[in-house]
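S.K.: Below is the file final.cif, which contains mmCIF, C-alpha atoms.
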```cif
data_start
#
loop_
_atom_site.label_atom_id
_atom_site.label_comp_id
_atom_site.auth_asym_id
_atom_site.auth_seq_id
_atom_site.Cartn_x
_atom_site.Cartn_y
_atom_site.Cartn_z
CA MET A 43 70.03 144.44 -6.77
CA ASN A 44 67.34 143.51 -4.28
CA ILE A 45 65.82 140.07 -4.78
CA VAL A 46 62.81 141.00 -2.64
CA ASN A 47 61.84 144.24 -0.97
CA PHE A 48 58.65 143.97 1.09
CA GLN A 49 57.48 146.82 3.31
CA ASN A 50 54.27 146.91 5.36
CA ILE A 51 52.81 143.81 3.70
CA ASN A 52 49.64 142.14 4.98
CA VAL A 53 48.10 139.01 3.47
CA ALA A 54 44.63 137.75 4.33
CA TYR A 55 42.53 134.70 3.58
CA GLU A 56 38.96 136.00 3.62
CA ASP A 57 38.93 138.41 6.61
CA LYS A 58 41.79 136.93 8.62
CA ASN A 59 45.37 138.11 8.25
CA VAL A 60 47.87 135.26 7.87
CA LEU A 61 50.87 137.54 7.31
CA ASN A 62 51.11 140.73 9.33
CA ASN A 63 53.23 143.81 8.63
CA ILE A 64 55.91 141.93 6.72
CA ASN A 65 59.14 143.89 6.21
CA LEU A 66 61.75 141.85 4.39
CA LEU A 67 64.83 142.72 2.35
CA ILE A 68 66.98 140.13 0.59
CA LYS A 69 69.80 141.33 -1.64
CA GLU A 70 71.45 139.57 -4.54
CA ALA A 71 74.00 136.96 -3.34
CA GLN A 72 72.69 137.31 0.21
CA HIS A 73 71.86 133.67 0.88
CA THR A 74 69.02 133.65 3.39
CA ALA A 75 67.28 131.11 5.62
CA ILE A 76 63.66 131.80 6.60
CA LEU A 77 63.12 129.81 9.77
CA GLY A 78 59.90 129.10 11.62
CA ALA A 79 57.68 126.39 13.04
CA ASN A 80 54.91 124.65 11.10
CA GLY A 81 52.00 127.06 10.65
CA SER A 82 54.15 130.15 11.11
CA GLY A 83 53.39 131.51 7.62
CA LYS A 84 56.40 130.23 5.66
CA SER A 85 54.35 128.64 2.84
CA THR A 86 52.23 131.77 2.43
CA LEU A 87 55.40 133.85 2.23
CA ILE A 88 56.68 131.67 -0.64
CA LYS A 89 53.43 132.30 -2.56
CA LEU A 90 53.92 136.02 -1.98
CA PHE A 91 57.39 135.84 -3.56
CA SER A 92 56.03 134.14 -6.68
CA ASN A 93 52.89 136.30 -7.07
CA ASP A 94 50.64 133.28 -6.54
CA ILE A 95 48.93 135.43 -3.91
CA TYR A 96 48.76 139.19 -3.47
CA PRO A 97 48.81 141.38 -0.37
CA ARG A 98 46.10 143.63 0.89
CA PHE A 99 46.48 146.99 -0.79
CA SER A 100 47.55 150.03 1.19
CA GLN A 101 49.29 153.28 0.32
CA GLU A 102 52.16 152.41 2.69
CA MET A 103 52.81 149.02 1.08
CA THR A 104 55.84 148.19 -1.07
CA LYS A 105 56.18 144.86 -2.85
CA GLU A 106 59.10 144.50 -5.26
CA VAL A 107 60.73 141.37 -6.65
CA PHE A 108 63.98 141.89 -8.59
CA GLY A 109 63.30 145.62 -8.40
CA GLN A 110 59.93 145.45 -10.16
CA LYS A 111 56.45 145.96 -8.71
CA ILE A 112 54.56 144.41 -11.63
CA TRP A 113 55.40 141.06 -13.22
CA ASP A 114 53.92 138.63 -15.67
CA ILE A 115 53.72 135.60 -13.39
CA TRP A 116 55.25 133.20 -15.94
CA GLU A 117 58.10 135.57 -16.70
CA LEU A 118 58.77 135.99 -12.98
CA LYS A 119 59.02 132.24 -12.48
CA LYS A 120 61.80 132.07 -15.06
CA HIS A 121 63.87 134.31 -12.79
CA LEU A 122 62.80 132.62 -9.56
CA GLY A 123 63.24 128.86 -9.26
CA ILE A 124 60.87 127.50 -6.61
CA ILE A 125 61.28 123.96 -5.29
CA THR A 126 58.54 122.62 -3.02
CA ASN A 127 57.54 119.22 -1.72
CA ASP A 128 54.21 119.66 -3.54
CA LEU A 129 56.13 119.81 -6.82
CA HIS A 130 58.01 116.64 -5.88
CA TYR A 131 54.70 114.90 -5.09
CA GLU A 132 53.14 115.96 -8.40
CA PHE A 133 55.95 114.36 -10.39
CA THR A 134 55.88 111.11 -8.44
CA GLN A 135 52.09 110.84 -8.82
CA ARG A 136 51.53 112.20 -12.33
CA ALA A 137 54.72 111.52 -14.27
CA ALA A 138 56.37 108.41 -12.87
CA PHE A 139 56.99 107.20 -16.44
CA LEU A 140 59.27 110.16 -17.30
CA LYS A 141 63.03 109.80 -17.43
CA GLY A 142 65.36 112.24 -15.73
CA PHE A 143 66.17 113.96 -19.02
CA GLU A 144 62.45 114.48 -19.72
CA VAL A 145 61.78 115.86 -16.24
CA ILE A 146 64.42 118.52 -16.79
CA LEU A 147 63.26 119.24 -20.36
CA SER A 148 59.69 119.81 -19.12
CA GLY A 149 60.96 122.88 -17.27
CA PHE A 150 60.97 124.88 -20.51
CA TYR A 151 57.14 124.66 -20.60
CA SER A 152 56.53 124.32 -16.84
CA SER A 153 54.60 121.12 -17.52
CA PHE A 154 54.52 117.70 -15.89
CA HIS A 155 54.73 115.85 -19.19
CA ILE A 156 56.37 116.09 -22.60
CA TYR A 157 53.63 116.73 -25.17
CA GLU A 158 53.66 116.38 -28.96
CA HIS A 159 52.79 120.04 -29.52
CA GLN A 160 55.80 121.22 -27.50
CA GLU A 161 58.74 122.15 -29.68
CA PHE A 162 62.29 121.56 -28.45
CA SER A 163 65.38 122.69 -30.31
CA PRO A 164 68.99 121.52 -30.07
CA VAL A 165 69.53 124.54 -27.82
CA HIS A 166 67.05 123.11 -25.28
CA VAL A 167 68.74 119.71 -25.39
CA LYS A 168 72.17 121.30 -24.98
CA LYS A 169 70.97 123.22 -21.92
CA VAL A 170 69.59 120.07 -20.29
CA ASN A 171 72.90 118.30 -20.85
CA GLU A 172 74.78 121.25 -19.34
CA VAL A 173 72.59 121.16 -16.22
CA LEU A 174 73.00 117.39 -15.87
CA SER A 175 76.77 117.84 -16.04
CA PHE A 176 76.86 120.81 -13.65
CA LEU A 177 74.90 118.94 -10.98
CA GLU A 178 76.84 115.72 -11.70
CA ILE A 179 73.66 113.70 -12.25
CA GLU A 180 74.28 112.37 -15.76
CA HIS A 181 73.52 108.89 -14.38
CA LEU A 182 69.88 109.98 -13.93
CA ARG A 183 69.43 110.96 -17.58
CA ASP A 184 67.69 107.74 -18.67
CA LYS A 185 66.38 106.58 -15.30
CA LEU A 186 62.60 106.54 -14.74
CA ILE A 187 61.11 108.55 -11.90
CA SER A 188 59.44 105.35 -10.70
CA GLU A 189 62.90 103.82 -10.22
CA MET A 190 64.50 106.83 -8.51
CA SER A 191 65.07 107.42 -4.82
CA THR A 192 63.55 110.47 -3.12
CA GLY A 193 66.88 112.29 -3.32
CA GLU A 194 67.32 111.51 -7.03
CA ILE A 195 63.86 112.85 -7.88
CA ARG A 196 64.58 115.99 -5.87
CA LYS A 197 67.82 116.53 -7.81
CA CYS A 198 66.01 116.22 -11.14
CA ILE A 199 63.44 118.78 -10.01
CA ILE A 200 66.25 121.13 -8.97
CA ALA A 201 67.82 120.61 -12.42
CA ARG A 202 64.44 121.36 -14.05
CA SER A 203 64.38 124.78 -12.41
CA LEU A 204 67.90 125.60 -13.64
CA VAL A 205 67.11 125.43 -17.36
CA HIS A 206 66.00 129.08 -17.24
CA ASP A 207 69.10 130.20 -15.32
CA PRO A 208 67.06 131.74 -12.49
CA LYS A 209 68.57 134.64 -10.58
CA ALA A 210 67.41 133.18 -7.28
CA MET A 211 66.05 129.90 -5.95
CA ILE A 212 63.58 129.29 -3.15
CA LEU A 213 63.95 125.89 -1.52
CA ASP A 214 61.13 124.75 0.76
CA GLU A 215 62.43 122.18 3.27
CA PRO A 216 64.51 120.53 0.52
CA THR A 217 65.87 117.57 2.52
CA VAL A 218 62.54 116.25 3.84
CA GLY A 219 62.40 112.48 3.36
CA LEU A 220 66.14 112.05 2.84
CA ASP A 221 68.41 109.93 5.02
CA ILE A 222 71.51 111.45 6.61
CA LYS A 223 73.88 110.58 3.76
CA ALA A 224 71.43 111.86 1.13
CA GLN A 225 70.89 115.05 3.15
CA LEU A 226 74.59 115.82 3.25
CA ASN A 227 74.98 115.07 -0.45
CA PHE A 228 72.01 117.24 -1.33
CA ILE A 229 73.23 120.18 0.74
CA GLU A 230 76.61 120.00 -1.00
CA MET A 231 74.77 120.29 -4.31
CA ILE A 232 72.88 123.36 -3.05
CA ARG A 233 76.16 124.91 -1.95
CA LYS A 234 77.48 124.48 -5.49
CA ILE A 235 74.38 126.16 -6.91
CA ALA A 236 74.85 128.99 -4.41
CA THR A 237 78.09 129.99 -6.13
CA HIS A 238 76.03 131.12 -9.14
CA ARG A 239 72.71 132.42 -7.75
CA THR A 240 70.99 133.56 -4.59
CA ILE A 241 69.49 130.86 -2.37
CA ILE A 242 66.46 131.46 -0.15
CA LEU A 243 65.98 128.47 2.15
CA VAL A 244 62.59 128.13 3.85
CA THR A 245 62.70 125.58 6.63
CA HIS A 246 62.26 124.52 10.23
CA HIS A 247 65.25 122.16 10.05
CA LEU A 248 68.38 123.77 11.49
CA GLU A 249 70.62 121.16 9.87
CA GLU A 250 69.64 122.50 6.42
CA ILE A 251 71.24 125.89 7.09
CA PHE A 252 74.52 125.56 5.20
CA GLU A 253 77.71 127.55 5.63
CA GLU A 254 77.18 130.12 2.87
CA ILE A 255 73.88 131.35 4.35
CA SER A 256 74.66 134.72 5.90
CA GLN A 257 71.20 136.04 6.80
CA VAL A 258 68.43 134.49 8.89
CA VAL A 259 64.80 135.59 9.03
CA LEU A 260 62.71 134.32 11.97
CA ILE A 261 58.97 134.08 11.45
CA LYS A 262 56.31 133.30 14.05
CA GLN A 263 52.50 133.45 13.84
CA GLY A 264 52.59 135.33 10.54
CA ARG A 265 55.06 137.95 11.68
CA ILE A 266 58.78 138.42 11.04
CA VAL A 267 60.16 138.73 14.56
CA ALA A 268 63.83 139.13 13.64
CA GLN A 269 66.08 139.48 10.59
CA GLY A 270 69.84 139.66 10.68
CA ARG A 271 73.16 137.88 10.65
CA LYS A 272 73.16 134.12 11.13
CA ASP A 273 75.62 134.20 14.02
CA GLU A 274 73.45 136.73 15.87
CA LEU A 275 70.08 134.97 15.52
CA LEU A 276 70.80 131.24 15.73
CA ASN A 277 71.01 131.15 19.50
CA ASP A 278 69.10 129.68 22.45
CA THR A 279 66.95 132.76 23.08
CA HIS A 280 65.68 133.38 19.57
CA LEU A 281 65.13 129.73 18.62
CA SER A 282 63.38 128.89 21.90
CA SER A 283 61.05 131.80 21.24
CA ILE A 284 59.99 130.93 17.70
CA PHE A 285 59.57 127.22 18.41
CA ASP A 286 57.95 127.70 21.85
CA LEU A 287 60.35 125.19 23.31
CA SER A 288 63.43 125.42 25.49
CA LEU A 289 66.30 124.82 23.08
CA HIS A 290 70.06 124.84 23.42
CA VAL A 291 72.20 125.44 20.36
#
```
How does this structure look as structure tokens?
M.R.:
Amino acid sequence: MNIVNFQNINVAYEDKNVLNNINLLIKEAQHTAILGANGSGKSTLIKLFSNDIYPRFSQEMTKEVFGQKIWDIWELKKHLGIITNDLHYEFTQRAAFLKGFEVILSGFYSSFHIYEHQEFSPVHVKKVNEVLSFLEIEHLRDKLISEMSTGEIRKCIIARSLVHDPKAMILDEPTVGLDIKAQLNFIEMIRKIATHRTIILVTHHLEEIFEEISQVVLIKQGRIVAQGRKDELLNDTHLSSIFDLSLHV
């Protein structure tokens, strides 16, 4: 199954294209890193995956996610776990009083709080406990967000996305704000998740590209300039080009 199949995609804000002639294919279990500098179009591409924005229509265009052209946006997001730094910020600012267990439970309603009108069954509670155990973060169950480190909050948000058993996960610069030890620990957790679902890593940090990633997509100024095997694209020539800087790998 194809996770995404984009052909001849253009995305514009008002009259200006921000993504140009995007052709992108990511298959199931094909862990992929989308690499580019700040302002290259990575964040817009994430919104295209999740149907938060739509491309300019043309007869030549193809836009499929999990093999479907049309999705209910909320149903799609159950299949596609998206972790962004904006989501992290929202929890720290709006829900600092929540415990780790409640953060994960909120994923069933895609909310930032636990409300009285929301109904949770023993099945929901069981799923949260399973996710806590799988990620080995049971110690965060009763800890308040306000007392957590950056890495601990990020792990709870990852766990929140797993309650729906998504087929794929998009991680947007997931180790930003973490020290070296926390980065390594976090990447090991992502590698464990990668044994069960497809990972799409969107980043400009080379150190985030973990061993299981087999495909790299290079994006520059709203265009995909190369897509292929990791060992073929992560070299001096390609990286110097997309970052406009002389680099040696």
S.K.: Of the candidates A:Ile88, A:Ile229, A:Val218, A:Ile76, which shows the shortest atom-to-atom distance to Val259 of chain A, using all atoms listed in the file?
M.R.: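 Ranking A:Ile88, A:Ile229, A:Val218, A:Ile76 by distance to Val259 of chain A, first place goes to A:Ile76.
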S.K.: Out of A:Ile68, A:Ser153, A:Ser175, A:Ala79, which residue has the shortest atom-to-atom distance to Leu248 of chain A when counting all atoms listed in the file?
M.R.: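 Smallest distance to Leu248 of chain A is found for A:Ala79.
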S.K.: Taking only C-alpha atoms into account, which of A:Ser256, A:Asn127, A:Ser288, A:Ser188 comes nearest Ser85 of chain A?
M.R.: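 The closest residue to Ser85 of chain A is A:Asn127.
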S.K.: Which residues, protein or nucleic acid, reach to within 12 Å of (64.9, 129.9, 3.3) in the file's coordinates when using only C-alpha atoms, and can you give that as a PyMOL selection string?
M.R.: chain A and resi 68+72-78+84-85+87-88+91+124-126+210-216+240-248+250-252+255-261
S.K.: Work out how far apart atom CA of Val205 of chain A and atom CA of Lys234 of chain A are and give it in Å to one decimal.
M.R.: 15.8 Å
S.K.: Would you be able to write out as a list of chain:residue names which residues have an atom within 9 Å of (55.2, 148.2, 8.0) in the file's coordinates, counting only C-alpha atoms?
M.R.: A:Phe48, A:Gln49, A:Asn50, A:Ile51, A:Asn52, A:Asn62, A:Asn63, A:Ile64, A:Asn65, A:Glu102, A:Met103
S.K.: I need the residues from that last selection saved to file as a PDB file, in the coordinates of the input (with C-alpha atoms), if you can.
M.R.:
```
ATOM      1  CA  PHE A  48      58.650 143.970   1.090  1.00  0.00           C
ATOM      2  CA  GLN A  49      57.480 146.820   3.310  1.00  0.00           C
ATOM      3  CA  ASN A  50      54.270 146.910   5.360  1.00  0.00           C
ATOM      4  CA  ILE A  51      52.810 143.810   3.700  1.00  0.00           C
ATOM      5  CA  ASN A  52      49.640 142.140   4.980  1.00  0.00           C
ATOM      6  CA  ASN A  62      51.110 140.730   9.330  1.00  0.00           C
ATOM      7  CA  ASN A  63      53.230 143.810   8.630  1.00  0.00           C
ATOM      8  CA  ILE A  64      55.910 141.930   6.720  1.00  0.00           C
ATOM      9  CA  ASN A  65      59.140 143.890   6.210  1.00  0.00           C
ATOM     10  CA  GLU A 102      52.160 152.410   2.690  1.00  0.00           C
ATOM     11  CA  MET A 103      52.810 149.020   1.080  1.00  0.00           C
TER      12      MET A 103
END
```
S.K.: At a cut-off of 12 Å, using all atoms listed in the file, what residues contact Asn227 of chain A? Leave out same-chain residues fewer than 4 positions from it and give the result as a list in words.
M.R.: Leu177, Glu178, Ile179, Gly193, Glu194, Arg196, Lys197, Pro216, Thr217, Leu220, Asp221, Ile222, Lys223, Met231, Ile232, Arg233, Lys234, Glu250 and Phe252 of chain A
S.K.: Hey, which of A:Arg202, A:Glu254, A:Leu281, A:Lys111 ends up closest to Val267 of chain A? Count only C-alpha atoms.
M.R.: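 Comparing A:Arg202, A:Glu254, A:Leu281, A:Lys111 against Val267 of chain A, the winner is A:Leu281.
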S.K.: Hey, can you check how far atom CA of Asn80 of chain A sits from atom CA of Thr237 of chain A?
M.R.: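 Taking atom CA of Asn80 of chain A and atom CA of Thr237 of chain A, their separation equals 29.4 Å.
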S.K.: Record the distance separating atom CA of Phe150 of chain A and atom CA of Asp114 of chain A, expressed in Å with one decimal.
M.R.: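 Computing the Euclidean distance for atom CA of Phe150 of chain A and atom CA of Asp114 of chain A yields 16.2 Å.
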S.K.: Around all listed atoms of segment 113-116 of chain A, padded 8 Å per side, what centre and edge lengths does the axis-aligned box have in Å to one decimal, as JSON?
M.R.:
```
{"center_x": 54.6, "center_y": 137.1, "center_z": -14.6, "size_x": 17.7, "size_y": 23.9, "size_z": 18.7}
```
S.K.: Taking the file as shown, find all residues satisfying the PyMOL selection byres ((chain A and resi 182) around 10) and write them as a ChimeraX atom specification.
M.R.: /A:141-143,174,178-181,183-187,190,194-195,197-198
S.K.: Mind writing the picked residues with C-alpha atoms as a JSON list (two decimals), in the coordinates of the input?
M.R.:
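Done, and the output landed in selection_21.json:
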```
[["chain", "number", "residue", "atom", "x", "y", "z"],
["A", 141, "LYS", "CA", 63.03, 109.80, -17.43],
["A", 142, "GLY", "CA", 65.36, 112.24, -15.73],
["A", 143, "PHE", "CA", 66.17, 113.96, -19.02],
["A", 174, "LEU", "CA", 73.00, 117.39, -15.87],
["A", 178, "GLU", "CA", 76.84, 115.72, -11.70],
["A", 179, "ILE", "CA", 73.66, 113.70, -12.25],
["A", 180, "GLU", "CA", 74.28, 112.37, -15.76],
["A", 181, "HIS", "CA", 73.52, 108.89, -14.38],
["A", 183, "ARG", "CA", 69.43, 110.96, -17.58],
["A", 184, "ASP", "CA", 67.69, 107.74, -18.67],
["A", 185, "LYS", "CA", 66.38, 106.58, -15.30],
["A", 186, "LEU", "CA", 62.60, 106.54, -14.74],
["A", 187, "ILE", "CA", 61.11, 108.55, -11.90],
["A", 190, "MET", "CA", 64.50, 106.83, -8.51],
["A", 194, "GLU", "CA", 67.32, 111.51, -7.03],
["A", 195, "ILE", "CA", 63.86, 112.85, -7.88],
["A", 197, "LYS", "CA", 67.82, 116.53, -7.81],
["A", 198, "CYS", "CA", 66.01, 116.22, -11.14]]
```
S.K.: Evaluating the PyMOL selection byres ((chain A and resi 147) around 9) on the displayed file yields which residues, as a list in words?
M.R.: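 When the PyMOL selection byres ((chain A and resi 147) around 9) is applied, the selected residues are Gly142, Phe143, Glu144, Val145, Ile146, Ser148, Gly149, Phe150, Tyr151, Ile156, Phe162, His166, Val167, Lys169, Val170, Arg202 and Val205 of chain A.
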S.K.: Pick the closest to Val173 of chain A from A:Phe133, A:Ile235, A:His121, A:Phe139: which is it, counting all atoms listed in the file?
M.R.: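 Looking only at the distances to Val173 of chain A, the closest residue turns out to be A:Ile235.
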S.K.: Will you model N, CA and C atoms for segment 100-116 of chain A and pass it back as a PDB file, keeping the file's coordinate frame?
M.R.:
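Okay, this is what ended up in result-v9.pdb:
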```pdb
ATOM      1  N   SER A 100      47.528 148.828   0.356  1.00  0.00           N
ATOM      2  CA  SER A 100      47.550 150.030   1.190  1.00  0.00           C
ATOM      3  C   SER A 100      48.559 150.987   0.577  1.00  0.00           C
ATOM      4  N   GLN A 101      48.391 152.266   0.859  1.00  0.00           N
ATOM      5  CA  GLN A 101      49.290 153.280   0.320  1.00  0.00           C
ATOM      6  C   GLN A 101      50.716 153.124   0.859  1.00  0.00           C
ATOM      7  N   GLU A 102      50.847 152.544   2.056  1.00  0.00           N
ATOM      8  CA  GLU A 102      52.160 152.410   2.690  1.00  0.00           C
ATOM      9  C   GLU A 102      52.915 151.167   2.233  1.00  0.00           C
ATOM     10  N   MET A 103      52.247 150.311   1.452  1.00  0.00           N
ATOM     11  CA  MET A 103      52.810 149.020   1.080  1.00  0.00           C
ATOM     12  C   MET A 103      53.828 149.149  -0.050  1.00  0.00           C
ATOM     13  N   THR A 104      54.895 148.364   0.025  1.00  0.00           N
ATOM     14  CA  THR A 104      55.840 148.190  -1.070  1.00  0.00           C
ATOM     15  C   THR A 104      56.056 146.704  -1.284  1.00  0.00           C
ATOM     16  N   LYS A 105      55.919 146.260  -2.522  1.00  0.00           N
ATOM     17  CA  LYS A 105      56.180 144.860  -2.850  1.00  0.00           C
ATOM     18  C   LYS A 105      56.946 144.812  -4.168  1.00  0.00           C
ATOM     19  N   GLU A 106      58.243 144.557  -4.084  1.00  0.00           N
ATOM     20  CA  GLU A 106      59.100 144.500  -5.260  1.00  0.00           C
ATOM     21  C   GLU A 106      59.865 143.186  -5.276  1.00  0.00           C
ATOM     22  N   VAL A 107      59.921 142.564  -6.436  1.00  0.00           N
ATOM     23  CA  VAL A 107      60.730 141.370  -6.650  1.00  0.00           C
ATOM     24  C   VAL A 107      61.668 141.670  -7.813  1.00  0.00           C
ATOM     25  N   PHE A 108      62.956 141.509  -7.605  1.00  0.00           N
ATOM     26  CA  PHE A 108      63.980 141.890  -8.590  1.00  0.00           C
ATOM     27  C   PHE A 108      63.797 143.339  -9.043  1.00  0.00           C
ATOM     28  N   GLY A 109      63.408 144.190  -8.113  1.00  0.00           N
ATOM     29  CA  GLY A 109      63.300 145.620  -8.400  1.00  0.00           C
ATOM     30  C   GLY A 109      62.051 146.046  -9.129  1.00  0.00           C
ATOM     31  N   GLN A 110      61.146 145.123  -9.430  1.00  0.00           N
ATOM     32  CA  GLN A 110      59.930 145.450 -10.160  1.00  0.00           C
ATOM     33  C   GLN A 110      58.695 145.215  -9.288  1.00  0.00           C
ATOM     34  N   LYS A 111      57.703 146.106  -9.446  1.00  0.00           N
ATOM     35  CA  LYS A 111      56.450 145.960  -8.710  1.00  0.00           C
ATOM     36  C   LYS A 111      55.440 145.107  -9.478  1.00  0.00           C
ATOM     37  N   ILE A 112      55.530 145.120 -10.796  1.00  0.00           N
ATOM     38  CA  ILE A 112      54.560 144.410 -11.630  1.00  0.00           C
ATOM     39  C   ILE A 112      55.284 143.387 -12.483  1.00  0.00           C
ATOM     40  N   TRP A 113      54.785 142.148 -12.467  1.00  0.00           N
ATOM     41  CA  TRP A 113      55.400 141.060 -13.220  1.00  0.00           C
ATOM     42  C   TRP A 113      54.326 140.242 -13.933  1.00  0.00           C
ATOM     43  N   ASP A 114      54.646 139.748 -15.119  1.00  0.00           N
ATOM     44  CA  ASP A 114      53.920 138.630 -15.670  1.00  0.00           C
ATOM     45  C   ASP A 114      54.355 137.396 -14.872  1.00  0.00           C
ATOM     46  N   ILE A 115      53.389 136.655 -14.333  1.00  0.00           N
ATOM     47  CA  ILE A 115      53.720 135.600 -13.390  1.00  0.00           C
ATOM     48  C   ILE A 115      54.621 134.533 -14.008  1.00  0.00           C
ATOM     49  N   TRP A 116      54.430 134.241 -15.298  1.00  0.00           N
ATOM     50  CA  TRP A 116      55.250 133.200 -15.940  1.00  0.00           C
ATOM     51  C   TRP A 116      56.654 133.704 -16.206  1.00  0.00           C
TER      52      TRP A 116
END
```
